[in-house]
$ cat data.cif   # mmCIF, C-alpha atoms and all ligand atoms
data_model
loop_
_atom_site.label_atom_id
_atom_site.label_comp_id
_atom_site.auth_asym_id
_atom_site.auth_seq_id
_atom_site.Cartn_x
_atom_site.Cartn_y
_atom_site.Cartn_z
CA MET A 882 -10.02 13.44 75.02
CA THR A 883 -10.23 12.72 78.73
CA GLU A 884 -12.96 13.91 81.08
CA THR A 885 -13.63 13.49 84.77
CA GLY A 886 -16.98 12.79 86.32
CA ILE A 887 -19.07 10.83 88.78
CA ILE A 888 -20.75 7.47 88.14
CA LEU A 889 -24.53 7.88 88.38
CA LYS A 890 -25.58 4.41 87.33
CA GLY A 891 -24.16 1.05 86.33
CA ILE A 892 -26.14 -1.50 84.35
CA GLY A 893 -24.91 -4.61 82.57
CA GLY A 894 -21.29 -3.58 82.32
CA PHE A 895 -22.08 0.00 81.25
CA TYR A 896 -21.56 2.98 83.48
CA TYR A 897 -23.22 6.35 83.11
CA VAL A 898 -20.87 9.13 84.09
CA ARG A 899 -21.91 12.72 84.73
CA THR A 900 -19.26 14.99 83.24
CA GLN A 901 -19.20 18.68 82.42
CA SER A 902 -20.27 17.87 78.89
CA GLY A 903 -23.20 15.64 79.79
CA VAL A 904 -23.82 12.06 80.86
CA ILE A 905 -21.51 9.70 79.00
CA GLU A 906 -22.03 5.98 78.62
CA CYS A 907 -18.82 4.16 79.46
CA LYS A 908 -17.29 0.74 79.50
CA ALA A 909 -14.77 -0.24 82.11
CA ARG A 910 -11.41 -1.67 81.17
CA GLY A 911 -10.76 -5.27 82.10
CA ARG A 912 -8.90 -4.68 85.31
CA PHE A 913 -11.91 -2.96 86.84
CA ARG A 914 -13.91 -6.18 86.57
CA LYS A 915 -12.06 -7.68 89.52
CA ALA A 916 -14.25 -7.33 92.59
CA ALA A 917 -11.84 -5.13 94.53
CA GLU A 918 -11.69 -2.55 91.79
CA LYS A 919 -15.26 -2.78 90.60
CA PRO A 920 -16.60 0.72 90.03
CA VAL A 921 -19.62 1.69 92.13
CA ILE A 922 -21.98 4.61 91.86
CA GLY A 923 -20.56 7.75 93.39
CA ASP A 924 -17.06 6.90 92.17
CA ARG A 925 -15.12 9.84 90.74
CA VAL A 926 -13.56 8.63 87.54
CA THR A 927 -11.44 9.70 84.62
CA ILE A 928 -12.72 8.56 81.25
CA GLU A 929 -11.38 8.59 77.72
CA VAL A 930 -14.07 9.79 75.34
CA GLN A 931 -14.13 8.05 71.93
CA ASP A 932 -15.11 9.57 68.62
CA ASP A 933 -18.57 8.03 68.85
CA GLY A 934 -19.25 9.88 72.11
CA THR A 935 -19.00 6.85 74.38
CA GLY A 936 -16.26 6.51 76.92
CA TYR A 937 -13.75 4.14 78.48
CA MET A 938 -13.14 4.31 82.17
CA MET A 939 -9.44 4.85 82.79
CA SER A 940 -9.10 5.36 86.53
CA ILE A 941 -11.05 5.64 89.75
CA GLU A 942 -10.14 8.15 92.43
CA PRO A 943 -9.54 6.77 95.91
CA ARG A 944 -12.89 6.66 97.74
CA LYS A 945 -13.39 8.90 100.72
CA ASN A 946 -15.90 6.37 102.06
CA GLN A 947 -18.14 3.57 100.87
CA LEU A 948 -21.45 2.09 101.88
CA LEU A 949 -21.78 -1.58 101.09
CA ARG A 950 -25.54 -2.06 100.88
CA PRO A 951 -26.41 -0.12 98.83
CA ALA A 952 -22.99 0.12 97.21
CA VAL A 953 -22.34 3.85 96.96
CA ALA A 954 -19.00 5.63 97.21
CA ASN A 955 -18.15 9.14 98.37
CA VAL A 956 -21.35 9.74 100.30
CA ASP A 957 -21.43 13.23 101.85
CA GLN A 958 -24.37 12.62 104.11
CA LEU A 959 -26.75 9.99 105.32
CA VAL A 960 -30.32 11.11 105.72
CA VAL A 961 -32.02 9.11 108.44
CA VAL A 962 -35.77 9.37 108.02
CA CYS A 963 -37.76 8.61 111.15
CA SER A 964 -41.24 9.17 112.48
CA ALA A 965 -43.08 9.44 115.77
CA ALA A 966 -46.32 8.50 114.01
CA PRO A 967 -46.83 4.84 113.04
CA PRO A 968 -44.68 3.03 112.13
CA LYS A 969 -42.82 4.70 114.99
CA THR A 970 -39.04 4.55 114.61
CA GLU A 971 -37.01 2.90 117.36
CA THR A 972 -34.17 5.12 118.52
CA LEU A 973 -31.90 2.05 118.47
CA LEU A 974 -32.37 1.79 114.72
CA ILE A 975 -31.55 5.47 114.23
CA ASP A 976 -28.52 5.15 116.48
CA LYS A 977 -27.19 2.12 114.63
CA VAL A 978 -27.27 4.09 111.40
CA THR A 979 -25.74 7.23 112.90
CA ALA A 980 -22.99 5.09 114.48
CA ILE A 981 -22.15 3.48 111.15
CA ALA A 982 -22.12 6.88 109.47
CA ALA A 983 -19.90 8.39 112.16
CA HIS A 984 -17.57 5.41 111.98
CA LYS A 985 -17.23 5.89 108.23
CA GLY A 986 -16.83 9.65 108.56
CA ILE A 987 -20.15 10.47 106.91
CA ASP A 988 -22.38 13.30 108.20
CA THR A 989 -25.90 12.45 109.30
CA LEU A 990 -29.09 14.45 108.97
CA ILE A 991 -32.09 13.40 111.03
CA VAL A 992 -35.41 13.93 109.33
CA ILE A 993 -38.60 13.54 111.34
CA ASN A 994 -41.33 12.86 108.80
CA LYS A 995 -45.12 12.73 109.27
CA CYS A 996 -45.08 15.90 111.35
CA ASP A 997 -48.64 16.50 110.26
CA LEU A 998 -49.54 13.53 112.49
CA ASP A 999 -46.98 13.83 115.27
CA ARG A 1000 -44.27 16.47 115.64
CA GLY A 1001 -41.92 14.01 117.31
CA ASP A 1002 -40.86 16.29 120.16
CA ARG A 1003 -38.77 13.69 121.96
CA LEU A 1004 -36.95 12.65 118.78
CA TYR A 1005 -36.32 16.31 118.06
CA GLN A 1006 -34.90 16.84 121.56
CA ILE A 1007 -32.68 13.77 121.53
CA TYR A 1008 -31.02 14.41 118.20
CA THR A 1009 -30.72 18.15 118.53
CA GLN A 1010 -29.06 17.68 121.89
CA ALA A 1011 -26.75 15.02 120.48
CA GLY A 1012 -25.57 17.61 117.95
CA PHE A 1013 -27.26 16.50 114.74
CA SER A 1014 -29.05 18.71 112.24
CA VAL A 1015 -32.70 17.78 112.68
CA PHE A 1016 -35.43 18.56 110.18
CA ARG A 1017 -39.14 18.27 110.83
CA VAL A 1018 -41.04 17.58 107.64
CA SER A 1019 -44.24 16.21 106.22
CA ALA A 1020 -44.33 14.57 102.81
CA GLU A 1021 -48.10 14.93 103.09
CA THR A 1022 -48.32 18.71 103.56
CA GLY A 1023 -44.89 19.69 102.25
CA GLU A 1024 -43.95 21.32 105.55
CA GLY A 1025 -40.19 21.66 106.00
CA VAL A 1026 -39.35 20.18 102.61
CA ASP A 1027 -37.73 23.38 101.30
CA ALA A 1028 -35.26 23.40 104.18
CA LEU A 1029 -34.44 19.75 103.59
CA ARG A 1030 -34.00 20.33 99.87
CA ALA A 1031 -31.56 23.14 100.64
CA ALA A 1032 -29.56 20.80 102.86
CA LEU A 1033 -29.28 18.29 100.02
CA ALA A 1034 -28.09 20.78 97.40
CA GLY A 1035 -24.63 20.10 96.04
CA LYS A 1036 -24.12 16.96 98.15
CA VAL A 1037 -24.26 13.23 97.56
CA SER A 1038 -26.88 11.91 99.98
CA ALA A 1039 -28.26 8.46 100.80
CA PHE A 1040 -31.53 7.87 102.61
CA ALA A 1041 -32.16 5.29 105.33
CA GLY A 1042 -35.16 4.60 107.53
CA ASN A 1043 -37.57 1.93 108.64
CA SER A 1044 -40.16 0.65 106.21
CA GLY A 1045 -43.24 2.84 105.91
CA VAL A 1046 -41.60 5.91 107.42
CA GLY A 1047 -42.15 7.80 104.16
CA LYS A 1048 -38.80 7.75 102.34
CA SER A 1049 -40.29 7.32 98.88
CA SER A 1050 -43.01 9.89 99.58
CA LEU A 1051 -40.38 12.34 100.75
CA LEU A 1052 -38.15 11.77 97.73
CA ASN A 1053 -41.11 12.43 95.46
CA CYS A 1054 -41.84 15.58 97.39
CA ILE A 1055 -38.23 16.77 97.12
CA ASP A 1056 -38.11 16.26 93.38
CA ALA A 1057 -40.93 15.16 91.09
CA GLU A 1058 -38.29 13.32 89.08
CA PHE A 1059 -38.39 10.59 91.68
CA ASN A 1060 -42.09 10.04 90.99
CA MET A 1061 -41.22 8.43 87.76
CA LYS A 1062 -38.36 6.46 89.22
CA THR A 1063 -40.20 5.07 92.22
CA GLY A 1064 -43.70 5.01 90.76
CA SER A 1065 -42.83 3.03 87.67
CA ILE A 1066 -41.81 -0.14 89.48
CA SER A 1067 -43.84 -2.92 87.98
CA PRO A 1068 -45.59 -5.39 90.31
CA LYS A 1069 -43.13 -8.03 89.19
CA THR A 1070 -39.99 -6.13 90.11
CA GLU A 1071 -41.66 -4.78 93.23
CA ARG A 1072 -41.34 -8.14 94.90
CA GLY A 1073 -37.61 -8.38 94.52
CA ARG A 1074 -36.67 -4.74 94.56
CA HIS A 1075 -34.93 -4.83 97.90
CA THR A 1076 -32.27 -7.10 96.52
CA THR A 1077 -32.33 -6.72 92.78
CA ARG A 1078 -33.10 -3.10 91.96
CA HIS A 1079 -30.22 -1.09 90.63
CA VAL A 1080 -29.13 1.70 92.85
CA GLU A 1081 -28.69 4.92 91.01
CA LEU A 1082 -27.73 8.47 91.82
CA VAL A 1083 -30.52 10.81 90.84
CA GLU A 1084 -29.41 14.36 90.18
CA LEU A 1085 -31.24 17.21 91.84
CA PRO A 1086 -32.10 20.29 89.78
CA GLY A 1087 -30.09 22.50 92.14
CA GLY A 1088 -27.00 20.24 91.98
CA GLY A 1089 -26.20 17.29 94.15
CA CYS A 1090 -27.62 13.77 93.98
CA ILE A 1091 -29.51 11.26 96.01
CA ALA A 1092 -28.97 7.51 95.99
CA ASP A 1093 -32.32 6.25 94.86
CA THR A 1094 -32.82 3.33 97.17
CA PRO A 1095 -36.41 3.28 98.39
CA GLY A 1096 -37.29 0.12 100.21
CA PHE A 1097 -34.17 -0.53 102.19
CA SER A 1098 -34.53 -0.18 105.89
CA ALA A 1099 -31.46 0.39 107.98
CA PHE A 1100 -28.96 -0.58 105.35
CA ASP A 1101 -25.59 -1.85 106.28
CA THR A 1102 -26.51 -2.41 109.89
CA GLU A 1103 -25.32 -6.01 109.75
CA LYS A 1104 -21.90 -4.50 109.31
CA MET A 1105 -22.50 -2.73 112.60
CA ASP A 1106 -20.85 -5.71 114.23
CA LEU A 1107 -17.63 -4.65 112.62
CA ILE A 1108 -17.22 -1.58 114.82
CA ARG A 1109 -14.75 -2.60 117.51
CA LYS A 1110 -16.06 -2.21 121.03
CA ASP A 1111 -13.31 0.31 121.83
CA ASP A 1112 -14.25 2.39 118.79
CA LEU A 1113 -17.98 2.45 119.49
CA GLN A 1114 -17.71 5.37 121.91
CA TYR A 1115 -16.35 7.56 119.10
CA ALA A 1116 -19.38 6.74 116.96
CA PHE A 1117 -21.48 8.78 119.43
CA PRO A 1118 -20.13 12.30 118.84
CA GLU A 1119 -21.77 13.80 121.93
CA PHE A 1120 -19.74 11.43 124.16
CA GLU A 1121 -16.51 13.03 123.00
CA PRO A 1122 -16.03 15.68 125.75
CA TYR A 1123 -16.37 13.02 128.48
CA ILE A 1124 -14.44 10.08 127.06
CA ASN A 1125 -11.20 10.64 128.96
CA GLN A 1126 -12.85 11.84 132.15
CA CYS A 1127 -13.87 8.43 133.54
CA ARG A 1128 -12.30 7.21 136.79
CA PHE A 1129 -10.86 4.07 135.19
CA THR A 1130 -8.95 3.92 131.93
CA GLY A 1131 -10.57 1.52 129.51
CA CYS A 1132 -13.99 2.34 130.99
CA ALA A 1133 -16.71 0.74 128.85
CA HIS A 1134 -19.25 3.41 129.89
CA VAL A 1135 -21.87 0.74 130.52
CA LYS A 1136 -22.11 0.13 134.27
CA GLU A 1137 -18.71 1.22 135.53
CA LYS A 1138 -18.37 3.31 138.68
CA GLY A 1139 -17.03 6.83 138.16
CA CYS A 1140 -18.02 6.83 134.49
CA ALA A 1141 -18.14 10.41 133.18
CA ILE A 1142 -20.49 9.45 130.39
CA ARG A 1143 -23.01 7.94 132.76
CA ALA A 1144 -22.69 11.05 134.92
CA ALA A 1145 -23.39 13.22 131.85
CA VAL A 1146 -26.51 11.14 131.19
CA GLU A 1147 -27.64 11.68 134.79
CA ASP A 1148 -26.99 15.41 134.43
CA GLY A 1149 -29.12 15.49 131.28
CA LYS A 1150 -26.17 16.40 129.07
CA ILE A 1151 -26.31 13.22 127.01
CA PRO A 1152 -29.76 11.94 125.98
CA ARG A 1153 -30.62 8.81 127.96
CA GLU A 1154 -31.90 7.00 124.86
CA ARG A 1155 -28.57 7.49 123.10
CA HIS A 1156 -26.69 5.93 126.00
CA GLU A 1157 -29.17 3.04 126.07
CA SER A 1158 -28.50 2.42 122.38
CA TYR A 1159 -24.77 2.58 123.04
CA CYS A 1160 -25.09 -0.08 125.76
CA LYS A 1161 -27.11 -2.39 123.50
CA LEU A 1162 -24.67 -1.99 120.66
CA TYR A 1163 -21.74 -2.48 123.02
CA GLU A 1164 -23.33 -5.70 124.21
CA SER A 1165 -23.63 -6.90 120.62
CA VAL A 1166 -20.00 -6.19 119.71
CA LYS A 1167 -18.12 -6.88 122.91
CA ASN A 1168 -17.55 -10.59 122.29
CA LEU A 1169 -16.37 -10.27 118.72
CA LYS A 1170 -13.08 -11.98 118.05
CA GLU A 1171 -10.27 -10.11 116.41
CA TRP A 1172 -10.52 -12.31 113.30
CA GLU A 1173 -14.16 -11.35 112.85
CA LEU A 1174 -13.09 -7.75 112.39
CA LYS A 1175 -11.30 -6.91 109.25
N1 LIG A 1201 -49.72 11.56 107.14
C1 LIG A 1201 -48.58 11.32 106.49
N2 LIG A 1201 -48.42 10.18 105.82
C2 LIG A 1201 -47.26 9.97 105.15
C3 LIG A 1201 -46.22 10.92 105.16
N3 LIG A 1201 -45.18 10.42 104.44
C4 LIG A 1201 -45.58 9.23 103.98
N4 LIG A 1201 -46.82 8.93 104.42
C5 LIG A 1201 -47.57 7.70 104.14
O1 LIG A 1201 -46.87 6.61 104.74
C6 LIG A 1201 -46.95 5.44 103.93
C7 LIG A 1201 -45.58 4.88 103.63
O2 LIG A 1201 -44.86 5.82 102.83
P1 LIG A 1201 -43.67 5.38 101.85
O3 LIG A 1201 -43.16 6.62 101.23
O4 LIG A 1201 -44.08 4.27 100.97
O5 LIG A 1201 -42.63 4.82 102.92
P2 LIG A 1201 -41.17 4.20 102.68
O6 LIG A 1201 -40.32 4.65 103.80
O7 LIG A 1201 -40.69 4.53 101.32
O8 LIG A 1201 -41.47 2.67 102.82
P3 LIG A 1201 -40.63 1.41 102.27
O9 LIG A 1201 -40.64 1.51 100.77
O10 LIG A 1201 -41.38 0.22 102.78
O11 LIG A 1201 -39.26 1.50 102.86
C8 LIG A 1201 -47.73 5.86 102.69
O12 LIG A 1201 -49.07 5.47 102.87
C9 LIG A 1201 -47.60 7.36 102.67
O13 LIG A 1201 -48.72 7.99 102.05
C10 LIG A 1201 -46.42 12.13 105.91
O14 LIG A 1201 -45.57 13.01 105.98
N5 LIG A 1201 -47.61 12.26 106.54
ZN ZN A 1202 -16.99 5.69 131.24
#
$ encode --input "data.cif" --output "structure tokens"
Amino acid sequence: MTETGIILKGIGGFYYVRTQSGVIECKARGRFRKAAEKPVIGDRVTIEVQDDGTGYMMSIEPRKNQLLRPAVANVDQLVVVCSAAPPKTETLLIDKVTAIAAHKGIDTLIVINKCDLDRGDRLYQIYTQAGFSVFRVSAETGEGVDALRAALAGKVSAFAGNSGVGKSSLLNCIDAEFNMKTGSISPKTERGRHTTRHVELVELPGGGCIADTPGFSAFDTEKMDLIRKDDLQYAFPEFEPYINQCRFTGCAHVKEKGCAIRAAVEDGKIPRERHESYCKLYESVKNLKEWELK
């Protein structure tokens, strides 16, 4: 009998696949052991269920996207957790993550945590104006958590954010299930958890799952360098209406005269901080050689 499902977890050559008839422990056939075809969590797979109730993975559906660190496929949305209270989140960090997400075609939610300490008015303004869904929450008081939970229902989400911003606290607040998962880390594994912990998709009671990756900061940002300088403008969705309006074709939107994007910043239509991040990121990618991009 064949079934389809989604890989929630992979440990020691076994994969745990959520299907309509429960979570089935599966082995992968030999060809999947090659790096290029290695199954990752979030993969949609077809499995052959044996008489003993375990399964064999037969095929993997083409991925709609993939994050590399943590390795998760078919992510519907990235949840960027930030805070105006200490440790205050740099907008550049947020913008790196949103740019990566946009480049990969993944939606981004901005979550301002620690609202009990600071409501993060400027962060709220910037990201609302840039067109993102912004949530104000407090893992401490529970404020706003219902709305966030509703936004996670039925989707595959991954969390990112600087250390100490409250990702683990928030996950515990969203679903007590996480308490166990994040609270049971022994002191020994704690030390190495950033590199060695298994990523896993934790299912939410209302449907949907979250990649359980507390401890990473702005994952994947090293790969930021792989966005071509000419593509970077498209990773800032609010630039879109102005991109072809500049005086010169091939405008970099950094210091050029007659730049429509800079004009939109001056007119208050594009948040200044977002353009500053764009310029810094542009600076970091502009000298990349073609062979450094794959
Ligand atoms: N006042 C207040 N404190 C919070 C809130 N959320 C988290 N904290 C506190 O902030 C500290 C860090 O929270 P964590 O949940 O460990 O942060 P994290 O983002 O998972 O940190 P890393 O694991 O280092 O990435 C803890 O002391 C929390 O109690 C909040 O909404 N309000
Ligand atoms: Zn321009």
$ closest_residue --input "data.cif" --among "A:Lys995, A:His1156, A:Lys945, A:Lys985" --to "Lys969 of chain A" --atoms "all atoms listed in the file"
A:Lys995
$ closest_residue --input "data.cif" --among "A:Lys1167, A:Arg944, A:Arg1143, A:Lys1048" --to "ligand LIG 1201 (chain A)" --atoms "all atoms listed in the file"
A:Lys1048
$ residues_near_ligand --input "data.cif" --ligand "ligand LIG 1201 (chain A)" --cutoff "7 Å" --atoms "all atoms listed in the file" --output "PyMOL selection string"
chain A and resi 994-998+1018-1022+1042-1051+1095-1098
$ residues_around --input "data.cif" --residues "segment 883-895 of chain A" --least-positions-apart "4" --cutoff "9 Å" --atoms "only C-alpha atoms" --output "short mmCIF file (atom, residue, chain, number, x, y, z; two decimals) with C-alpha atoms, in the frame of the given file"
data_model
loop_
_atom_site.label_atom_id
_atom_site.label_comp_id
_atom_site.auth_asym_id
_atom_site.auth_seq_id
_atom_site.Cartn_x
_atom_site.Cartn_y
_atom_site.Cartn_z
CA ARG A 899 -21.91 12.72 84.73
CA THR A 900 -19.26 14.99 83.24
CA GLN A 901 -19.20 18.68 82.42
CA SER A 902 -20.27 17.87 78.89
CA VAL A 904 -23.82 12.06 80.86
CA GLU A 906 -22.03 5.98 78.62
CA CYS A 907 -18.82 4.16 79.46
CA LYS A 908 -17.29 0.74 79.50
CA ALA A 909 -14.77 -0.24 82.11
CA ARG A 914 -13.91 -6.18 86.57
CA PRO A 920 -16.60 0.72 90.03
CA VAL A 921 -19.62 1.69 92.13
CA ILE A 922 -21.98 4.61 91.86
CA GLY A 923 -20.56 7.75 93.39
CA ASP A 924 -17.06 6.90 92.17
CA ARG A 925 -15.12 9.84 90.74
CA VAL A 926 -13.56 8.63 87.54
CA THR A 927 -11.44 9.70 84.62
CA ILE A 928 -12.72 8.56 81.25
CA GLU A 929 -11.38 8.59 77.72
CA VAL A 930 -14.07 9.79 75.34
CA GLY A 936 -16.26 6.51 76.92
CA MET A 939 -9.44 4.85 82.79
CA HIS A 1079 -30.22 -1.09 90.63
CA VAL A 1080 -29.13 1.70 92.85
CA GLU A 1081 -28.69 4.92 91.01
CA LEU A 1082 -27.73 8.47 91.82
CA VAL A 1083 -30.52 10.81 90.84
CA GLU A 1084 -29.41 14.36 90.18
CA CYS A 1090 -27.62 13.77 93.98
CA ALA A 1092 -28.97 7.51 95.99
#
$ closest_atom_pairs --input "data.cif" --of "chain A" --to "ligand ZN 1202 (chain A)" --cutoff "12 Å" --atoms "all atoms listed in the file" --output "JSON lines"
{"residue": "A:Asp1111", "atom": "CA", "partner": "A:ZN1202", "partner_atom": "ZN", "distance": 11.4}
{"residue": "A:Gln1114", "atom": "CA", "partner": "A:ZN1202", "partner_atom": "ZN", "distance": 9.4}
{"residue": "A:Phe1120", "atom": "CA", "partner": "A:ZN1202", "partner_atom": "ZN", "distance": 9.5}
{"residue": "A:Glu1121", "atom": "CA", "partner": "A:ZN1202", "partner_atom": "ZN", "distance": 11.0}
{"residue": "A:Pro1122", "atom": "CA", "partner": "A:ZN1202", "partner_atom": "ZN", "distance": 11.4}
{"residue": "A:Tyr1123", "atom": "CA", "partner": "A:ZN1202", "partner_atom": "ZN", "distance": 7.9}
{"residue": "A:Ile1124", "atom": "CA", "partner": "A:ZN1202", "partner_atom": "ZN", "distance": 6.6}
{"residue": "A:Asn1125", "atom": "CA", "partner": "A:ZN1202", "partner_atom": "ZN", "distance": 8.0}
{"residue": "A:Gln1126", "atom": "CA", "partner": "A:ZN1202", "partner_atom": "ZN", "distance": 7.5}
{"residue": "A:Cys1127", "atom": "CA", "partner": "A:ZN1202", "partner_atom": "ZN", "distance": 4.7}
{"residue": "A:Arg1128", "atom": "CA", "partner": "A:ZN1202", "partner_atom": "ZN", "distance": 7.4}
{"residue": "A:Phe1129", "atom": "CA", "partner": "A:ZN1202", "partner_atom": "ZN", "distance": 7.5}
{"residue": "A:Thr1130", "atom": "CA", "partner": "A:ZN1202", "partner_atom": "ZN", "distance": 8.3}
{"residue": "A:Gly1131", "atom": "CA", "partner": "A:ZN1202", "partner_atom": "ZN", "distance": 7.8}
{"residue": "A:Cys1132", "atom": "CA", "partner": "A:ZN1202", "partner_atom": "ZN", "distance": 4.5}
{"residue": "A:Ala1133", "atom": "CA", "partner": "A:ZN1202", "partner_atom": "ZN", "distance": 5.5}
{"residue": "A:His1134", "atom": "CA", "partner": "A:ZN1202", "partner_atom": "ZN", "distance": 3.5}
{"residue": "A:Val1135", "atom": "CA", "partner": "A:ZN1202", "partner_atom": "ZN", "distance": 7.0}
{"residue": "A:Lys1136", "atom": "CA", "partner": "A:ZN1202", "partner_atom": "ZN", "distance": 8.1}
{"residue": "A:Glu1137", "atom": "CA", "partner": "A:ZN1202", "partner_atom": "ZN", "distance": 6.4}
{"residue": "A:Lys1138", "atom": "CA", "partner": "A:ZN1202", "partner_atom": "ZN", "distance": 7.9}
{"residue": "A:Gly1139", "atom": "CA", "partner": "A:ZN1202", "partner_atom": "ZN", "distance": 7.0}
{"residue": "A:Cys1140", "atom": "CA", "partner": "A:ZN1202", "partner_atom": "ZN", "distance": 3.6}
{"residue": "A:Ala1141", "atom": "CA", "partner": "A:ZN1202", "partner_atom": "ZN", "distance": 5.2}
{"residue": "A:Ile1142", "atom": "CA", "partner": "A:ZN1202", "partner_atom": "ZN", "distance": 5.2}
{"residue": "A:Arg1143", "atom": "CA", "partner": "A:ZN1202", "partner_atom": "ZN", "distance": 6.6}
{"residue": "A:Ala1144", "atom": "CA", "partner": "A:ZN1202", "partner_atom": "ZN", "distance": 8.6}
{"residue": "A:Ala1145", "atom": "CA", "partner": "A:ZN1202", "partner_atom": "ZN", "distance": 9.9}
{"residue": "A:Val1146", "atom": "CA", "partner": "A:ZN1202", "partner_atom": "ZN", "distance": 11.0}
{"residue": "A:His1156", "atom": "CA", "partner": "A:ZN1202", "partner_atom": "ZN", "distance": 11.0}
{"residue": "A:Tyr1159", "atom": "CA", "partner": "A:ZN1202", "partner_atom": "ZN", "distance": 11.7}
{"residue": "A:Cys1160", "atom": "CA", "partner": "A:ZN1202", "partner_atom": "ZN", "distance": 11.4}
$ write_last_selection --input "data.cif" --atoms "C-alpha atoms" --output "PDB file, in the frame of the given file"
ATOM      1  CA  ASP A1111     -13.310   0.310 121.830  1.00  0.00           C
ATOM      2  CA  GLN A1114     -17.710   5.370 121.910  1.00  0.00           C
ATOM      3  CA  PHE A1120     -19.740  11.430 124.160  1.00  0.00           C
ATOM      4  CA  GLU A1121     -16.510  13.030 123.000  1.00  0.00           C
ATOM      5  CA  PRO A1122     -16.030  15.680 125.750  1.00  0.00           C
ATOM      6  CA  TYR A1123     -16.370  13.020 128.480  1.00  0.00           C
ATOM      7  CA  ILE A1124     -14.440  10.080 127.060  1.00  0.00           C
ATOM      8  CA  ASN A1125     -11.200  10.640 128.960  1.00  0.00           C
ATOM      9  CA  GLN A1126     -12.850  11.840 132.150  1.00  0.00           C
ATOM     10  CA  CYS A1127     -13.870   8.430 133.540  1.00  0.00           C
ATOM     11  CA  ARG A1128     -12.300   7.210 136.790  1.00  0.00           C
ATOM     12  CA  PHE A1129     -10.860   4.070 135.190  1.00  0.00           C
ATOM     13  CA  THR A1130      -8.950   3.920 131.930  1.00  0.00           C
ATOM     14  CA  GLY A1131     -10.570   1.520 129.510  1.00  0.00           C
ATOM     15  CA  CYS A1132     -13.990   2.340 130.990  1.00  0.00           C
ATOM     16  CA  ALA A1133     -16.710   0.740 128.850  1.00  0.00           C
ATOM     17  CA  HIS A1134     -19.250   3.410 129.890  1.00  0.00           C
ATOM     18  CA  VAL A1135     -21.870   0.740 130.520  1.00  0.00           C
ATOM     19  CA  LYS A1136     -22.110   0.130 134.270  1.00  0.00           C
ATOM     20  CA  GLU A1137     -18.710   1.220 135.530  1.00  0.00           C
ATOM     21  CA  LYS A1138     -18.370   3.310 138.680  1.00  0.00           C
ATOM     22  CA  GLY A1139     -17.030   6.830 138.160  1.00  0.00           C
ATOM     23  CA  CYS A1140     -18.020   6.830 134.490  1.00  0.00           C
ATOM     24  CA  ALA A1141     -18.140  10.410 133.180  1.00  0.00           C
ATOM     25  CA  ILE A1142     -20.490   9.450 130.390  1.00  0.00           C
ATOM     26  CA  ARG A1143     -23.010   7.940 132.760  1.00  0.00           C
ATOM     27  CA  ALA A1144     -22.690  11.050 134.920  1.00  0.00           C
ATOM     28  CA  ALA A1145     -23.390  13.220 131.850  1.00  0.00           C
ATOM     29  CA  VAL A1146     -26.510  11.140 131.190  1.00  0.00           C
ATOM     30  CA  HIS A1156     -26.690   5.930 126.000  1.00  0.00           C
ATOM     31  CA  TYR A1159     -24.770   2.580 123.040  1.00  0.00           C
ATOM     32  CA  CYS A1160     -25.090  -0.080 125.760  1.00  0.00           C
TER      33      CYS A1160
END
$ atom_distance --input "data.cif" --atom1 "atom CA of Leu1107 of chain A" --atom2 "atom CA of Val1166 of chain A"
7.6 Å
$ atom_distance --input "data.cif" --atom1 "atom CA of Val1015 of chain A" --atom2 "atom CA of Leu990 of chain A"
6.2 Å
$ atom_distance --input "data.cif" --atom1 "atom CA of Gly1149 of chain A" --atom2 "atom CA of Gln1010 of chain A"
9.6 Å
$ closest_residue --input "data.cif" --among "A:Ile987, A:Cys963, A:Ala1031, A:Ile1055" --to "Arg1000 of chain A" --atoms "all atoms listed in the file"
A:Cys963
$ residues_around --input "data.cif" --residues "Asp988 of chain A" --least-positions-apart "3" --cutoff "8 Å" --atoms "only C-alpha atoms" --output "NGL selection string"
:A and (957-959 or 982-983)
$ closest_residue --input "data.cif" --among "A:Ala965, A:Ser940, A:Phe1040, A:Met882" --to "Tyr1005 of chain A" --atoms "all atoms listed in the file"
A:Ala965
$ residues_around --input "data.cif" --residues "Phe1013 of chain A" --least-positions-apart "6" --cutoff "12 Å" --atoms "only C-alpha atoms" --output "PyMOL selection string"
chain A and resi 958-961+975-976+979+983+988-992+1004-1007+1117-1119
$ closest_residue --input "data.cif" --among "A:Leu1162, A:Ile993, A:Ala1032, A:Val956" --to "Arg1017 of chain A" --atoms "all atoms listed in the file"
A:Ile993
